[in-house]
Amino acid sequence: MKRAVVHVVGAGAGGLTAARVLAASGRCDVILHEASRHPGGRRRSFYDETLGLDIDTGNYPLISAWTAARSLVEALGARGEWREAPEPGVAFADFAVGERWRLRPNVGRLPWWLLAPKRRGSHLSLADYCAGRRLLSAGADATVASVAPGGAAMERLWRPLTLAALNCAPETASARLAGAVLDELVRAGGDGLRILTPSESFGRAFVDPLVRRLQRDGVTLRFERRLMALEFESQRLAGLEFEHDRIDLGPRDALILATPWATAAALIPGSQAPSGFSAALTVHYGAEPPPKAPAVVCAVNGPFDWLFAYRTRISVTIKDAAARLETPLEALAAECWGAVAAVTGLSDVLPAWRVVVSRRAGCLSTPEENARRPACRTRWRNLLLAGGHVESPLPDSLEAAVRSGETAARAWLADGG
């Protein structure tokens, strides 16, 4: 009997992960199609001539509580490409008052660190943290701002962490999604808040090792393959129409559609399209950080939200950046560098820079948009969906994308594919 063929369309984190799980099963042939020339989807690396460096389309750290993405990195033998913080926690810098502090959870699940003022962070009380428990039982329509405490706790804790996890301000961000993130952190204990960053680039640390594994496992990778239409029968998908050719699906063949949400919605009859996207801005600087600079700093009341110190460059991220998209790029780079210099002690002379604009950095993490996310399974038995936008307790993120790829592949395998 001819082996089943599973086509995976989309070489982002969800599609790459789905292809890996399928190939590892040995139960089908896997063909991965990607519309662009490169794998990685919206999380990819490229060489920038101005900086003379490989840089990323954004900054993509991991936290140790993200079990799926971290386990995948370990399985690929790529752990050496990641720099892990020596202790759990997050460094903060408040530009309004010139103050710096660090959240320092203890290792282990009993959170005694909350009783120690120096570990909790400046101007943050035990009650500020305890009030966050309301996020764990928040209703589907609640926002973070309607549930979490205000005042100093909001500005110094819940706002920056909401922006980090959901790329959305607390006033509009889903409390249920924030609660799911918090729940995973609590379950992992303090050690779940160790931050890992790529030593060089995300492509080298994640995408490239995953692609090499797929090639070793016999997956066929086809780039510059734009899917234009799908042909349906009553209960199954019958064919794939690409820009220059067509593929008919056999009785046991299937498709895992791991394209962006808007693309998938345009291809599948009756699908709801996303109502919008969250934007982000990333500024890369061709400057080496000081030897003892923290790998990651959360900025409060500054021109950016997060600072990342890599081996050969410094990068900053502006979350929920729609209001900043029209700012002249050189002015943006200069403004952010002034704050970088203040944090790192480097010269305030602007080094070489590159701004990456991501108008569609992720799905909106509002209660309304979360309710619209599509399920992995569709009404056609041989069509499944993957990607960070697919229905999940977590917001659109690298971890959600990896889990969605695993879920879609295992669903096909469980159906006897």
# chains A, B, ... in the order shown; residues from 1 in each chain; ligands from 1
>>> closest_atom_pairs(of="segment 122-232 of chain A", to="segment 267-274 of chain A", cutoff="9 Å", atoms="only C-alpha atoms", output="tab-separated table")
residue	atom	partner	partner_atom	distance
A:Leu227	CA	A:Leu267	CA	8.7
A:Met228	CA	A:Leu267	CA	7.6
A:Ala229	CA	A:Leu267	CA	5.8
A:Leu230	CA	A:Leu267	CA	6.4
>>> closest_atom_pairs(of="segment 302-366 of chain A", to="segment 152-161 of chain A", cutoff="12 Å", atoms="only C-alpha atoms", output="Markdown table")
| residue | atom | partner | partner_atom | distance |
| --- | --- | --- | --- | --- |
| A:Gly302 | CA | A:Pro160 | CA | 11.1 |
| A:Phe304 | CA | A:Pro160 | CA | 10.6 |
| A:Asp305 | CA | A:Pro160 | CA | 7.2 |
| A:Trp306 | CA | A:Pro160 | CA | 8.9 |
| A:Thr317 | CA | A:Pro160 | CA | 12.0 |
| A:Ile318 | CA | A:Pro160 | CA | 11.0 |
| A:Lys319 | CA | A:Pro160 | CA | 9.4 |
| A:Asp320 | CA | A:Pro160 | CA | 11.0 |
>>> write_last_selection(atoms="C-alpha atoms", output="compact mmCIF listing (two decimals), in the first residue's frame")
# COMPACT_ATOMS: atom_id res chain seq x y z
CA GLY A 302 11.35 54.32 28.71
CA PHE A 304 11.48 50.73 24.58
CA ASP A 305 10.19 47.80 26.59
CA TRP A 306 13.01 45.23 26.54
CA THR A 317 12.03 45.76 21.42
CA ILE A 318 9.04 48.07 21.48
CA LYS A 319 5.85 46.12 22.16
CA ASP A 320 2.30 47.11 21.18
>>> select_by_dssp(residues="segment 2-141 of chain A", states="strand (DSSP E)", output="VMD selection string")
chain A and resid 5 to 9 29 to 33 45 to 48 53 to 56 62 to 63 82 to 84 90 to 94 99 to 103
>>> closest_residue(among="A:Ser36, A:Ser234, A:Thr17, A:Thr197", to="Gly388 of chain A", atoms="only C-alpha atoms")
A:Thr17
>>> select_by_dssp(residues="segment 48-287 of chain A", states="alpha helix (DSSP H)", output="PyMOL selection string")
chain A and resi 67-75+117-120+126-130+144-147+151-153+159-166+175-188+202+208-216+261-267
>>> write_last_selection(atoms="C-alpha atoms", output="compact mmCIF listing (two decimals), in the first residue's frame")
# COMPACT_ATOMS: atom_id res chain seq x y z
CA THR A 67 8.46 23.06 28.15
CA ALA A 68 7.60 22.39 24.50
CA ALA A 69 10.02 24.87 22.93
CA ARG A 70 12.77 24.09 25.44
CA SER A 71 12.38 20.32 24.96
CA LEU A 72 12.54 20.79 21.20
CA VAL A 73 15.79 22.73 21.50
CA GLU A 74 17.23 19.97 23.69
CA ALA A 75 16.11 17.24 21.27
CA PRO A 117 11.31 42.77 49.99
CA LYS A 118 14.67 42.79 48.18
CA ARG A 119 13.58 39.86 46.02
CA ARG A 120 10.10 41.21 45.21
CA LEU A 126 3.34 40.90 48.90
CA ALA A 127 -0.26 42.00 48.34
CA ASP A 128 0.62 43.21 44.82
CA TYR A 129 1.68 39.70 43.90
CA CYS A 130 -1.13 37.94 45.72
CA VAL A 144 -5.74 42.41 32.76
CA ALA A 145 -6.37 45.98 33.92
CA SER A 146 -9.83 45.05 35.21
CA VAL A 147 -8.41 42.26 37.36
CA GLY A 151 -0.79 51.91 40.91
CA ALA A 152 2.88 50.99 41.26
CA ALA A 153 2.10 47.29 40.87
CA ARG A 159 2.10 46.21 32.58
CA PRO A 160 5.63 45.19 31.50
CA LEU A 161 4.91 41.49 31.98
CA THR A 162 1.62 41.75 30.06
CA LEU A 163 3.39 43.49 27.19
CA ALA A 164 6.10 40.83 27.23
CA ALA A 165 3.73 37.85 27.16
CA LEU A 166 0.82 39.23 25.13
CA ALA A 175 -6.90 38.39 31.58
CA ARG A 176 -7.58 34.76 30.77
CA LEU A 177 -4.51 34.52 28.51
CA ALA A 178 -2.37 36.34 31.07
CA GLY A 179 -3.68 33.96 33.73
CA ALA A 180 -2.67 30.95 31.64
CA VAL A 181 0.88 32.29 31.38
CA LEU A 182 0.96 33.00 35.11
CA ASP A 183 -0.39 29.53 35.90
CA GLU A 184 2.43 27.86 33.97
CA LEU A 185 5.01 29.99 35.74
CA VAL A 186 3.53 29.17 39.16
CA ARG A 187 3.43 25.46 38.37
CA ALA A 188 7.05 25.51 37.22
CA PHE A 202 17.37 32.85 16.57
CA ASP A 208 18.55 26.05 11.34
CA PRO A 209 18.91 23.03 13.69
CA LEU A 210 15.25 22.16 13.13
CA VAL A 211 15.61 22.34 9.34
CA ARG A 212 18.73 20.16 9.46
CA ARG A 213 16.86 17.57 11.50
CA LEU A 214 14.01 17.54 8.99
CA GLN A 215 16.44 17.02 6.14
CA ARG A 216 18.12 14.12 7.97
CA TRP A 261 -4.22 33.19 10.35
CA ALA A 262 -5.32 35.60 7.61
CA THR A 263 -3.95 33.31 4.91
CA ALA A 264 -5.65 30.24 6.36
CA ALA A 265 -8.96 32.09 6.70
CA ALA A 266 -8.83 33.11 3.04
CA LEU A 267 -8.33 29.49 1.97
